[in-house]
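Q: File run_36.csv below, CSV, C-alpha atoms and all ligand atoms:
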chain,number,residue,atom,x,y,z
A,22,MET,CA,-45.4,-26.4,27.6
A,23,PHE,CA,-43.0,-24.1,29.5
A,24,HIS,CA,-40.4,-27.0,29.6
A,25,ILE,CA,-40.6,-27.5,25.8
A,26,GLY,CA,-40.2,-23.8,25.2
A,27,ALA,CA,-37.2,-23.6,27.6
A,28,THR,CA,-35.6,-26.7,26.0
A,29,VAL,CA,-36.0,-25.3,22.5
A,30,PHE,CA,-34.5,-22.0,23.7
A,31,ALA,CA,-31.6,-23.7,25.5
A,32,GLY,CA,-31.0,-25.7,22.3
A,33,PHE,CA,-31.0,-22.6,20.2
A,34,VAL,CA,-28.5,-20.8,22.6
A,35,ALA,CA,-26.2,-23.9,22.6
A,36,PHE,CA,-26.4,-24.1,18.8
A,37,LEU,CA,-25.5,-20.4,18.6
A,38,GLY,CA,-22.6,-20.8,21.0
A,39,ILE,CA,-21.2,-23.7,19.0
A,40,LEU,CA,-21.6,-21.8,15.7
A,41,ILE,CA,-19.9,-18.8,17.1
A,42,ALA,CA,-17.0,-20.8,18.5
A,43,TRP,CA,-16.7,-22.6,15.2
A,44,LEU,CA,-16.9,-19.6,12.9
A,45,GLU,CA,-15.1,-16.9,14.9
A,46,VAL,CA,-11.7,-18.4,14.6
A,47,THR,CA,-9.6,-15.3,14.9
A,48,PRO,CA,-7.6,-15.5,18.2
A,49,ILE,CA,-8.6,-12.7,20.7
A,50,GLU,CA,-5.1,-11.1,20.7
A,51,ARG,CA,-5.2,-10.9,16.9
A,52,GLN,CA,-8.7,-9.4,17.2
A,53,ARG,CA,-7.3,-6.6,19.4
A,54,GLU,CA,-4.4,-6.0,17.0
A,55,ILE,CA,-6.9,-5.7,14.1
A,56,CYS,CA,-8.9,-3.2,16.1
A,57,ARG,CA,-5.8,-1.1,16.6
A,58,MET,CA,-5.1,-1.3,12.9
A,59,ALA,CA,-8.6,-0.1,12.1
A,60,GLU,CA,-8.4,2.7,14.7
A,61,ALA,CA,-5.1,3.9,13.2
A,62,ALA,CA,-6.4,3.9,9.6
A,63,PRO,CA,-8.2,7.3,9.4
A,64,GLY,CA,-5.1,9.0,10.9
A,65,LYS,CA,-3.0,7.7,8.0
A,66,GLU,CA,-5.1,9.0,5.2
A,67,GLU,CA,-3.3,12.3,4.7
A,68,GLU,CA,0.1,10.7,4.7
A,69,PHE,CA,-1.0,8.0,2.2
A,70,ARG,CA,-2.6,10.6,0.0
A,71,SER,CA,0.6,12.5,-0.2
A,72,THR,CA,2.4,9.5,-1.7
A,73,ASN,CA,0.3,9.8,-5.0
A,74,GLN,CA,-0.4,6.1,-5.4
A,75,THR,CA,-2.9,4.5,-7.8
A,76,ALA,CA,-5.2,1.5,-7.5
A,77,PHE,CA,-7.3,-0.6,-9.7
A,78,VAL,CA,-10.6,-2.3,-9.0
A,79,VAL,CA,-12.1,-5.4,-10.8
A,80,GLY,CA,-15.7,-6.3,-10.1
A,81,TYR,CA,-16.5,-2.7,-9.5
A,82,THR,CA,-20.0,-3.0,-10.9
A,83,GLY,CA,-21.0,-5.6,-8.4
A,84,GLU,CA,-22.7,-5.1,-5.0
A,85,THR,CA,-19.5,-4.9,-3.0
A,86,GLY,CA,-17.5,-3.3,-5.8
A,87,LYS,CA,-19.9,-0.4,-6.1
A,88,VAL,CA,-19.7,0.4,-2.4
A,89,LEU,CA,-15.9,0.0,-2.4
A,90,VAL,CA,-15.7,2.6,-5.2
A,91,GLU,CA,-17.8,5.0,-3.1
A,92,GLU,CA,-15.6,4.3,-0.1
A,93,LEU,CA,-12.4,5.0,-2.2
A,94,VAL,CA,-13.9,8.2,-3.6
A,95,ASN,CA,-15.1,9.5,-0.2
A,96,ARG,CA,-11.8,8.8,1.5
A,97,ASN,CA,-9.8,10.1,-1.5
A,98,ILE,CA,-6.6,8.4,-0.7
A,99,PHE,CA,-5.5,7.5,-4.3
A,100,GLN,CA,-4.3,9.8,-7.0
A,101,LYS,CA,-6.2,7.7,-9.5
A,102,VAL,CA,-8.4,4.6,-9.4
A,103,VAL,CA,-8.8,2.6,-12.6
A,104,LEU,CA,-12.1,0.6,-12.7
A,105,ILE,CA,-11.8,-2.4,-15.0
A,106,GLY,CA,-15.0,-4.1,-16.0
A,107,ARG,CA,-17.1,-5.4,-18.8
A,108,ARG,CA,-19.5,-2.5,-18.7
A,109,GLU,CA,-19.5,1.1,-17.6
A,110,LEU,CA,-21.4,2.8,-14.8
A,111,ASN,CA,-22.5,6.4,-14.7
A,112,TYR,CA,-20.6,8.5,-12.3
A,113,GLU,CA,-21.6,12.2,-12.1
A,114,GLY,CA,-20.0,14.8,-10.0
A,115,GLU,CA,-16.6,16.3,-9.3
A,116,LYS,CA,-15.8,13.8,-6.5
A,117,TYR,CA,-15.6,11.1,-9.1
A,118,ASN,CA,-13.0,12.8,-11.3
A,119,LYS,CA,-10.1,10.5,-10.0
A,120,LEU,CA,-11.9,7.5,-11.5
A,121,GLU,CA,-11.1,6.0,-14.9
A,122,GLN,CA,-13.4,3.4,-16.3
A,123,LYS,CA,-12.0,0.8,-18.7
A,124,VAL,CA,-14.2,-1.7,-20.5
A,125,VAL,CA,-12.5,-5.0,-21.2
A,126,ASP,CA,-13.3,-8.5,-22.5
A,127,TYR,CA,-12.3,-10.7,-19.6
A,128,GLU,CA,-11.7,-13.6,-22.1
A,129,LYS,CA,-8.9,-11.5,-23.5
A,130,LEU,CA,-7.7,-9.9,-20.3
A,131,GLU,CA,-4.0,-10.4,-21.2
A,132,ASP,CA,-4.6,-8.0,-24.1
A,133,HIS,CA,-5.2,-5.3,-21.5
A,134,ALA,CA,-2.1,-5.9,-19.5
A,135,ASP,CA,-1.3,-2.1,-19.7
A,136,LEU,CA,-4.3,-1.3,-17.5
A,137,PHE,CA,-2.7,-3.2,-14.7
A,138,LYS,CA,0.6,-1.5,-14.8
A,139,GLY,CA,1.9,0.9,-12.1
A,140,HIS,CA,-0.7,0.4,-9.4
A,141,SER,CA,0.4,-0.1,-5.9
A,142,VAL,CA,-2.9,-1.7,-4.8
A,143,GLY,CA,-5.4,-3.9,-6.6
A,144,PHE,CA,-8.9,-4.7,-5.3
A,145,CYS,CA,-10.7,-7.8,-6.6
A,146,CYS,CA,-14.5,-8.1,-6.0
A,147,LEU,CA,-15.1,-10.3,-9.0
A,148,GLY,CA,-17.6,-13.2,-8.9
A,149,THR,CA,-20.6,-14.9,-10.2
A,150,THR,CA,-22.8,-17.8,-9.1
A,151,ARG,CA,-23.3,-21.3,-10.4
A,152,GLY,CA,-27.0,-20.5,-10.8
A,153,LYS,CA,-26.2,-17.6,-13.1
A,154,SER,CA,-23.2,-18.9,-15.1
A,155,GLY,CA,-23.3,-22.7,-14.6
A,156,VAL,CA,-20.4,-24.7,-13.2
A,157,GLU,CA,-17.9,-23.9,-15.9
A,158,GLY,CA,-18.9,-20.3,-16.0
A,159,PHE,CA,-18.5,-20.0,-12.2
A,160,LYS,CA,-15.0,-21.5,-12.4
A,161,ARG,CA,-14.1,-19.2,-15.3
A,162,VAL,CA,-15.0,-16.1,-13.4
A,163,ASP,CA,-14.3,-16.9,-9.8
A,164,HIS,CA,-11.1,-18.8,-10.6
A,165,ASP,CA,-9.7,-18.0,-14.0
A,166,TYR,CA,-10.5,-14.3,-14.2
A,167,VAL,CA,-9.4,-13.7,-10.7
A,168,MET,CA,-6.1,-15.5,-11.3
A,169,THR,CA,-5.4,-13.7,-14.6
A,170,THR,CA,-6.1,-10.4,-12.8
A,171,ALA,CA,-3.7,-11.4,-10.0
A,172,LYS,CA,-1.0,-12.4,-12.4
A,173,LEU,CA,-1.3,-9.2,-14.5
A,174,ALA,CA,-1.4,-7.1,-11.4
A,175,LYS,CA,1.8,-8.7,-10.1
A,176,GLU,CA,3.5,-8.3,-13.5
A,177,GLY,CA,2.4,-4.7,-13.6
A,178,GLY,CA,4.1,-4.0,-10.3
A,179,CYS,CA,1.2,-4.2,-7.8
A,180,GLY,CA,2.5,-4.6,-4.3
A,181,HIS,CA,-0.8,-5.2,-2.4
A,182,PHE,CA,-3.6,-7.4,-3.7
A,183,VAL,CA,-6.9,-7.2,-1.8
A,184,LEU,CA,-9.1,-10.2,-2.6
A,185,GLN,CA,-12.7,-10.7,-1.7
A,186,SER,CA,-13.2,-14.4,-1.0
A,187,SER,CA,-15.8,-16.0,1.1
A,188,GLN,CA,-16.5,-17.5,4.6
A,189,GLY,CA,-15.9,-21.2,4.4
A,190,ALA,CA,-13.3,-21.1,1.6
A,191,ASN,CA,-11.5,-24.4,1.6
A,192,LYS,CA,-9.5,-25.8,-1.2
A,193,ASN,CA,-10.1,-29.3,0.1
A,194,SER,CA,-13.9,-29.0,0.2
A,195,SER,CA,-16.0,-31.4,-1.8
A,196,PHE,CA,-18.4,-28.5,-2.6
A,197,LEU,CA,-17.7,-26.4,-5.6
A,198,TYR,CA,-18.1,-22.9,-4.2
A,199,PRO,CA,-15.8,-23.1,-1.1
A,200,ARG,CA,-13.3,-25.3,-3.0
A,201,VAL,CA,-12.9,-22.8,-5.9
A,202,LYS,CA,-12.6,-19.9,-3.4
A,203,GLY,CA,-10.0,-21.8,-1.4
A,204,GLU,CA,-8.0,-22.7,-4.5
A,205,VAL,CA,-7.9,-19.1,-5.6
A,206,GLU,CA,-6.8,-18.0,-2.2
A,207,ALA,CA,-3.9,-20.6,-2.3
A,208,GLU,CA,-2.9,-19.7,-5.8
A,209,CYS,CA,-3.0,-16.0,-5.1
A,210,ALA,CA,-0.6,-16.7,-2.2
A,211,ASP,CA,1.8,-18.2,-4.7
A,212,VAL,CA,1.8,-15.2,-7.0
A,213,GLY,CA,4.2,-13.5,-4.7
A,214,PHE,CA,2.7,-10.1,-3.8
A,215,ASP,CA,4.5,-8.1,-1.2
A,216,LYS,CA,1.1,-8.0,0.6
A,217,LEU,CA,-1.9,-10.2,0.1
A,218,SER,CA,-5.1,-9.4,2.1
A,219,ILE,CA,-7.9,-12.0,1.7
A,220,PHE,CA,-11.3,-11.2,3.0
A,221,ARG,CA,-13.8,-14.0,3.9
A,222,PRO,CA,-17.1,-12.3,4.6
A,223,GLY,CA,-20.2,-14.2,5.5
A,224,VAL,CA,-23.5,-13.8,3.7
A,225,LEU,CA,-23.4,-10.3,2.2
A,226,MET,CA,-26.1,-8.1,3.6
A,227,VAL,CA,-27.3,-6.0,0.7
A,228,ASP,CA,-30.5,-5.2,-1.1
A,229,ARG,CA,-29.5,-7.0,-4.2
A,230,LYS,CA,-31.2,-5.9,-7.4
A,231,GLU,CA,-30.5,-9.3,-9.2
A,232,SER,CA,-32.8,-12.2,-8.2
A,233,ARG,CA,-30.9,-14.8,-6.3
A,234,PRO,CA,-33.5,-16.9,-4.4
A,235,GLY,CA,-31.1,-18.9,-2.4
A,236,GLU,CA,-29.2,-15.9,-1.2
A,237,TRP,CA,-32.5,-14.0,-0.5
A,238,PHE,CA,-33.6,-17.0,1.6
A,239,ALA,CA,-30.3,-17.1,3.5
A,240,ARG,CA,-30.5,-13.3,4.2
A,241,LYS,CA,-34.1,-13.7,5.6
A,242,VAL,CA,-33.2,-16.7,7.8
A,243,LEU,CA,-30.0,-15.0,9.1
A,244,ALA,CA,-31.7,-11.6,9.6
A,245,PRO,CA,-32.3,-12.3,13.4
A,246,LEU,CA,-28.8,-13.6,13.8
A,247,LYS,CA,-27.5,-10.3,12.4
A,248,TYR,CA,-28.9,-8.6,15.6
A,249,ILE,CA,-28.0,-11.3,18.1
A,250,ALA,CA,-24.5,-12.1,16.8
A,251,PRO,CA,-23.7,-9.7,13.9
A,252,THR,CA,-20.2,-10.9,13.2
A,253,VAL,CA,-20.9,-14.6,13.0
A,254,MET,CA,-22.4,-15.3,9.5
A,255,THR,CA,-23.4,-12.0,7.9
A,256,CYS,CA,-21.5,-9.0,6.7
A,257,PRO,CA,-22.9,-5.8,5.1
A,258,VAL,CA,-21.1,-4.9,1.9
A,259,GLU,CA,-20.3,-1.5,3.5
A,260,THR,CA,-18.3,-3.3,6.2
A,261,VAL,CA,-16.3,-5.3,3.6
A,262,ALA,CA,-15.6,-2.1,1.6
A,263,LYS,CA,-14.4,-0.1,4.7
A,264,ALA,CA,-12.2,-3.0,5.8
A,265,MET,CA,-10.6,-3.2,2.4
A,266,VAL,CA,-9.6,0.4,2.5
A,267,ASN,CA,-8.5,0.2,6.1
A,268,ILE,CA,-6.1,-2.6,5.4
A,269,VAL,CA,-4.4,-0.6,2.7
A,270,LEU,CA,-3.9,2.3,5.1
A,271,SER,CA,-3.0,0.2,8.0
A,272,PRO,CA,-1.5,-3.0,6.6
A,273,SER,CA,-0.9,-6.1,8.5
A,274,GLU,CA,2.7,-6.8,9.4
A,275,LYS,CA,2.2,-10.2,7.9
A,276,PRO,CA,2.9,-10.5,4.1
A,277,SER,CA,-0.3,-12.5,3.6
A,278,GLU,CA,-3.3,-12.6,5.9
A,279,ILE,CA,-6.8,-14.0,5.7
A,280,PHE,CA,-9.5,-12.0,7.5
A,281,GLU,CA,-12.4,-14.1,8.6
A,282,ASN,CA,-15.9,-12.6,8.9
A,283,LYS,CA,-15.4,-11.3,12.4
A,284,ALA,CA,-12.0,-9.9,11.5
A,285,VAL,CA,-13.6,-8.1,8.6
A,286,HIS,CA,-16.1,-6.4,11.0
A,287,LEU,CA,-13.3,-5.5,13.4
A,288,LEU,CA,-11.1,-4.1,10.6
A,289,ALA,CA,-14.0,-1.9,9.5
A,290,LYS,CA,-15.2,-0.7,12.9
A,291,GLY,CA,-12.2,-0.9,15.1
A,292,LYS,CA,-13.9,-2.3,18.1
A,293,LEU,CA,-14.7,-5.7,19.6
A,294,CYS,CA,-18.4,-6.2,19.2
B,1,LIG,N1,-23.2,-13.2,-2.1
B,1,LIG,C1,-22.7,-13.4,-0.9
B,1,LIG,O1,-23.4,-13.5,0.1
B,1,LIG,C2,-21.2,-13.6,-0.8
B,1,LIG,C3,-20.7,-13.9,0.5
B,1,LIG,C4,-19.3,-13.9,0.6
B,1,LIG,C5,-18.5,-13.7,-0.4
B,1,LIG,N2,-19.0,-13.4,-1.7
B,1,LIG,C6,-18.1,-13.2,-2.8
B,1,LIG,O2,-17.8,-11.8,-2.8
B,1,LIG,C7,-17.5,-11.4,-4.2
B,1,LIG,C8,-18.3,-10.2,-4.5
B,1,LIG,O3,-19.6,-10.5,-4.4
B,1,LIG,P1,-20.8,-9.5,-4.8
B,1,LIG,O4,-22.1,-10.2,-4.5
B,1,LIG,O5,-20.5,-8.2,-4.3
B,1,LIG,O6,-20.6,-9.6,-6.4
B,1,LIG,P2,-21.7,-9.3,-7.6
B,1,LIG,O7,-22.7,-8.3,-7.2
B,1,LIG,O8,-22.2,-10.7,-8.0
B,1,LIG,O9,-20.7,-8.7,-8.7
B,1,LIG,C9,-19.7,-9.4,-9.2
B,1,LIG,C10,-18.8,-8.6,-10.1
B,1,LIG,O10,-18.1,-9.5,-11.0
B,1,LIG,C11,-18.4,-9.2,-12.4
B,1,LIG,N3,-18.6,-10.3,-13.2
B,1,LIG,C12,-19.4,-11.4,-13.0
B,1,LIG,N4,-19.3,-12.2,-14.1
B,1,LIG,C13,-18.4,-11.6,-15.0
B,1,LIG,C14,-18.0,-12.0,-16.3
B,1,LIG,N5,-18.4,-13.1,-16.9
B,1,LIG,N6,-17.1,-11.1,-16.9
B,1,LIG,C15,-16.7,-10.0,-16.3
B,1,LIG,N7,-17.1,-9.6,-15.1
B,1,LIG,C16,-18.0,-10.4,-14.4
B,1,LIG,C17,-19.7,-8.4,-12.3
B,1,LIG,O11,-19.9,-7.6,-13.5
B,1,LIG,P3,-21.3,-7.2,-14.0
B,1,LIG,O12,-21.8,-6.2,-13.0
B,1,LIG,O13,-21.1,-6.7,-15.3
B,1,LIG,O14,-22.2,-8.5,-13.9
B,1,LIG,C18,-19.5,-7.6,-11.0
B,1,LIG,O15,-18.7,-6.5,-11.2
B,1,LIG,C19,-17.7,-12.7,-5.0
B,1,LIG,O16,-16.5,-13.3,-5.3
B,1,LIG,C20,-18.6,-13.6,-4.2
B,1,LIG,O17,-18.4,-14.9,-4.4
B,1,LIG,C21,-20.4,-13.4,-1.9
Please express what this file holds, its structure, as structure tokens.
Ligand SMILES: NC(=O)c1ccc[n+]([C@@H]2O[C@H](COP(=O)([O-])OP(=O)(O)OC[C@H]3O[C@@H](n4cnc5c(N)ncnc54)[C@H](OP(=O)(O)O)[C@@H]3O)[C@@H](O)[C@H]2O)c1

A:
Amino acid sequence: MFHIGATVFAGFVAFLGILIAWLEVTPIERQREICRMAEAAPGKEEEFRSTNQTAFVVGYTGETGKVLVEELVNRNIFQKVVLIGRRELNYEGEKYNKLEQKVVDYEKLEDHADLFKGHSVGFCCLGTTRGKSGVEGFKRVDHDYVMTTAKLAKEGGCGHFVLQSSQGANKNSSFLYPRVKGEVEAECADVGFDKLSIFRPGVLMVDRKESRPGEWFARKVLAPLKYIAPTVMTCPVETVAKAMVNIVLSPSEKPSEIFENKAVHLLAKGKLC
């Protein structure tokens, strides 16, 4: 009995080791640099604030987007943040007075090109699921809407595009979700932003209001892993939001960079964990 238990445990540890090695692909020296970038970010807030820049956020009504808006409001680094979405949220309180909400029809996003003009930074947290929108609907949102946003942003003068993609994104994948994510990453790289920061978080840890059984199951199964190896396959939405703001304050010296799940954690927290 003891032997079976020990074998199962050893198998689990080996599986975990392989998984970590496979998924945590950021080289150690780059991990250290990312930690330094994260540590430097808070000290740059005041200087950044004094430059009176503006930003826009698409997907701001979603789970990550909502937390990102809170992070932007709390750190107060932009003179104005334009929130572009298909519905409005209720923001009450003085701290939200730098937000401007604009309701748009994403099918006619080009008609709203003016909303994308003059921002130095654009954040994109758009997305849907195949379950909710079907295959074509998923491609429409996760590819077409994101690419139209990226192009309008570039035409409007946006220098830094911050895109929330996903762990496993791969334009050569035979699976729909990673393939579309990978295609969008590649096409965004061709848009020609001065800076492009792509985030590839793992399963988002959030108490989602909307029913998504598959995601709920993944969160339950991965819950123990969150404690044993928190940076391997899961990422709280707060971590993504913090990392997205930190990369704006403390940009990578590379014009375009992909942050894998562990790098997202490091960029948010500033320490190797
Ligand atoms: N779920 C995960 O575990 C996971 C893991 C890694 C990466 N990601 C990716 O991370 C991104 C953000 O995920 P999330 O879970 O924070 O997003 P979410 O809660 O699903 O919210 C998505 C956002 O996109 C908007 N949107 C969806 N369909 C739209 C449409 N037809 N027209 C206009 N706007 C539309 C939503 O607007 P409404 O609020 O009006 O619906 C919302 O603002 C997505 O690209 C997702 O694929 C997710």

Q: Taking all atoms listed in the file into account, list the residues no farther than 9 Å from ligand LIG 1 (chain B), as a PDB file with C-alpha atoms, in the coordinates of the input.

A:
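Written out: selection21.pdb:
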ATOM      1  CA  VAL A  79     -12.100  -5.400 -10.800  1.00  0.00           C
ATOM      2  CA  GLY A  80     -15.700  -6.300 -10.100  1.00  0.00           C
ATOM      3  CA  TYR A  81     -16.500  -2.700  -9.500  1.00  0.00           C
ATOM      4  CA  THR A  82     -20.000  -3.000 -10.900  1.00  0.00           C
ATOM      5  CA  GLY A  83     -21.000  -5.600  -8.400  1.00  0.00           C
ATOM      6  CA  GLU A  84     -22.700  -5.100  -5.000  1.00  0.00           C
ATOM      7  CA  THR A  85     -19.500  -4.900  -3.000  1.00  0.00           C
ATOM      8  CA  GLY A  86     -17.500  -3.300  -5.800  1.00  0.00           C
ATOM      9  CA  LYS A  87     -19.900  -0.400  -6.100  1.00  0.00           C
ATOM     10  CA  VAL A  88     -19.700   0.400  -2.400  1.00  0.00           C
ATOM     11  CA  ILE A 105     -11.800  -2.400 -15.000  1.00  0.00           C
ATOM     12  CA  GLY A 106     -15.000  -4.100 -16.000  1.00  0.00           C
ATOM     13  CA  ARG A 107     -17.100  -5.400 -18.800  1.00  0.00           C
ATOM     14  CA  ARG A 108     -19.500  -2.500 -18.700  1.00  0.00           C
ATOM     15  CA  GLU A 109     -19.500   1.100 -17.600  1.00  0.00           C
ATOM     16  CA  VAL A 125     -12.500  -5.000 -21.200  1.00  0.00           C
ATOM     17  CA  ASP A 126     -13.300  -8.500 -22.500  1.00  0.00           C
ATOM     18  CA  TYR A 127     -12.300 -10.700 -19.600  1.00  0.00           C
ATOM     19  CA  GLU A 128     -11.700 -13.600 -22.100  1.00  0.00           C
ATOM     20  CA  CYS A 145     -10.700  -7.800  -6.600  1.00  0.00           C
ATOM     21  CA  CYS A 146     -14.500  -8.100  -6.000  1.00  0.00           C
ATOM     22  CA  LEU A 147     -15.100 -10.300  -9.000  1.00  0.00           C
ATOM     23  CA  GLY A 148     -17.600 -13.200  -8.900  1.00  0.00           C
ATOM     24  CA  THR A 149     -20.600 -14.900 -10.200  1.00  0.00           C
ATOM     25  CA  THR A 150     -22.800 -17.800  -9.100  1.00  0.00           C
ATOM     26  CA  LYS A 153     -26.200 -17.600 -13.100  1.00  0.00           C
ATOM     27  CA  SER A 154     -23.200 -18.900 -15.100  1.00  0.00           C
ATOM     28  CA  GLY A 158     -18.900 -20.300 -16.000  1.00  0.00           C
ATOM     29  CA  PHE A 159     -18.500 -20.000 -12.200  1.00  0.00           C
ATOM     30  CA  ARG A 161     -14.100 -19.200 -15.300  1.00  0.00           C
ATOM     31  CA  VAL A 162     -15.000 -16.100 -13.400  1.00  0.00           C
ATOM     32  CA  ASP A 163     -14.300 -16.900  -9.800  1.00  0.00           C
ATOM     33  CA  TYR A 166     -10.500 -14.300 -14.200  1.00  0.00           C
ATOM     34  CA  VAL A 167      -9.400 -13.700 -10.700  1.00  0.00           C
ATOM     35  CA  LEU A 184      -9.100 -10.200  -2.600  1.00  0.00           C
ATOM     36  CA  GLN A 185     -12.700 -10.700  -1.700  1.00  0.00           C
ATOM     37  CA  SER A 186     -13.200 -14.400  -1.000  1.00  0.00           C
ATOM     38  CA  SER A 187     -15.800 -16.000   1.100  1.00  0.00           C
ATOM     39  CA  GLN A 188     -16.500 -17.500   4.600  1.00  0.00           C
ATOM     40  CA  GLY A 189     -15.900 -21.200   4.400  1.00  0.00           C
ATOM     41  CA  TYR A 198     -18.100 -22.900  -4.200  1.00  0.00           C
ATOM     42  CA  LYS A 202     -12.600 -19.900  -3.400  1.00  0.00           C
ATOM     43  CA  PHE A 220     -11.300 -11.200   3.000  1.00  0.00           C
ATOM     44  CA  ARG A 221     -13.800 -14.000   3.900  1.00  0.00           C
ATOM     45  CA  PRO A 222     -17.100 -12.300   4.600  1.00  0.00           C
ATOM     46  CA  GLY A 223     -20.200 -14.200   5.500  1.00  0.00           C
ATOM     47  CA  VAL A 224     -23.500 -13.800   3.700  1.00  0.00           C
ATOM     48  CA  LEU A 225     -23.400 -10.300   2.200  1.00  0.00           C
ATOM     49  CA  MET A 226     -26.100  -8.100   3.600  1.00  0.00           C
ATOM     50  CA  VAL A 227     -27.300  -6.000   0.700  1.00  0.00           C
ATOM     51  CA  ARG A 229     -29.500  -7.000  -4.200  1.00  0.00           C
ATOM     52  CA  LYS A 230     -31.200  -5.900  -7.400  1.00  0.00           C
ATOM     53  CA  GLU A 231     -30.500  -9.300  -9.200  1.00  0.00           C
ATOM     54  CA  ARG A 233     -30.900 -14.800  -6.300  1.00  0.00           C
ATOM     55  CA  GLU A 236     -29.200 -15.900  -1.200  1.00  0.00           C
ATOM     56  CA  ALA A 239     -30.300 -17.100   3.500  1.00  0.00           C
ATOM     57  CA  ARG A 240     -30.500 -13.300   4.200  1.00  0.00           C
ATOM     58  CA  THR A 255     -23.400 -12.000   7.900  1.00  0.00           C
ATOM     59  CA  CYS A 256     -21.500  -9.000   6.700  1.00  0.00           C
ATOM     60  CA  VAL A 258     -21.100  -4.900   1.900  1.00  0.00           C
TER      61      VAL A 258
END

Q: How far is it from CA of Ser277 (chain A) to CA of Ala289 (chain A), in Å with one decimal?

A: 18.3 Å

Q: Provide the CA of Arg151 (chain A) to CA of His164 (chain A) distance in Å, to one decimal place.

A: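 Atom-to-atom, CA of Arg151 (chain A) and CA of His164 (chain A) are spaced 12.5 Å apart.
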
Q: Can you work out the spacing between CA of Leu243 (chain A) and CA of Gly26 (chain A) in Å, to one decimal?

A: 21.0 Å

Q: Quick one: residues within 10 Å of Lys172 (chain A), only C-alpha atoms, excluding same-chain residues fewer than 6 positions away - as a list in words?

A: Glu131, Ala134, Phe137, Tyr166, Cys179, Cys209, Val212, Gly213 and Phe214 of chain A

Q: Check the smallest atom-to-atom distance from each of A:Ser141, A:Phe238, A:Glu274, A:Leu93 to Thr72 (chain A) using all atoms listed in the file, then report the winner.

A: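 Among the listed residues, the smallest separation from Thr72 (chain A) belongs to A:Ser141.
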
Q: A:Lys263, A:Phe182, A:Pro257, A:Ala174: which is nearest Val94 (chain A), counting only C-alpha atoms?

A: A:Lys263

Q: I'd like the contact shell of Ala61 (chain A) - 8 Å cut-off, all atoms listed in the file, skipping same-chain residues fewer than 4 positions apart - returned as a PyMOL selection string.

A: chain A and resi 57+65+271

Q: Let's have the selection written as a CSV table (one decimal), keeping the file's coordinate frame, with C-alpha atoms.

A:
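Wrote it out as result.csv, contents follow:
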chain,number,residue,atom,x,y,z
A,57,ARG,CA,-5.8,-1.1,16.6
A,65,LYS,CA,-3.0,7.7,8.0
A,271,SER,CA,-3.0,0.2,8.0

Q: Residues near Glu206 (chain A), anyone? I mean within 9 Å using only C-alpha atoms, not counting same-chain ones fewer than 2 positions away, as a PyMOL selection string.

A: chain A and resi 184+186+190-192+201-204+208-211+219+279

Q: Quick one: residues within 10 Å of Lys290 (chain A), all atoms listed in the file counted, chain neighbours fewer than 5 positions away excluded, as JSON, numbers by chain?

A: {"A": [55, 56, 59, 60, 260, 263, 264, 267, 284, 285]}

Q: Could you check the closest approach to Gly64 (chain A) for each of A:Ala207, A:Thr170, A:Leu270, A:Gly152 and tell me which residue wins, using all atoms listed in the file?

A: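 Ranking A:Ala207, A:Thr170, A:Leu270, A:Gly152 by distance to Gly64 (chain A), first place goes to A:Leu270.
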
Q: Measuring between all atoms listed in the file, which one of A:Pro272, A:Gly180, A:Gly155, A:Pro199 shows the shortest distance to Glu54 (chain A)?

A: A:Pro272

Q: Taking into account all atoms listed in the file, which residue in the set A:Lys275, A:Pro251, A:Val261, A:Asn282 is nearest to Leu89 (chain A)?

A: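 Distance minimum relative to Leu89 (chain A) lands on A:Val261.
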
Q: Hey, which of A:Glu278, A:Glu157, A:Glu113, A:Asp132 ends up closest to Arg51 (chain A)? Count all atoms listed in the file.

A: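 That would be A:Glu278, the residue with the smallest distance to Arg51 (chain A).
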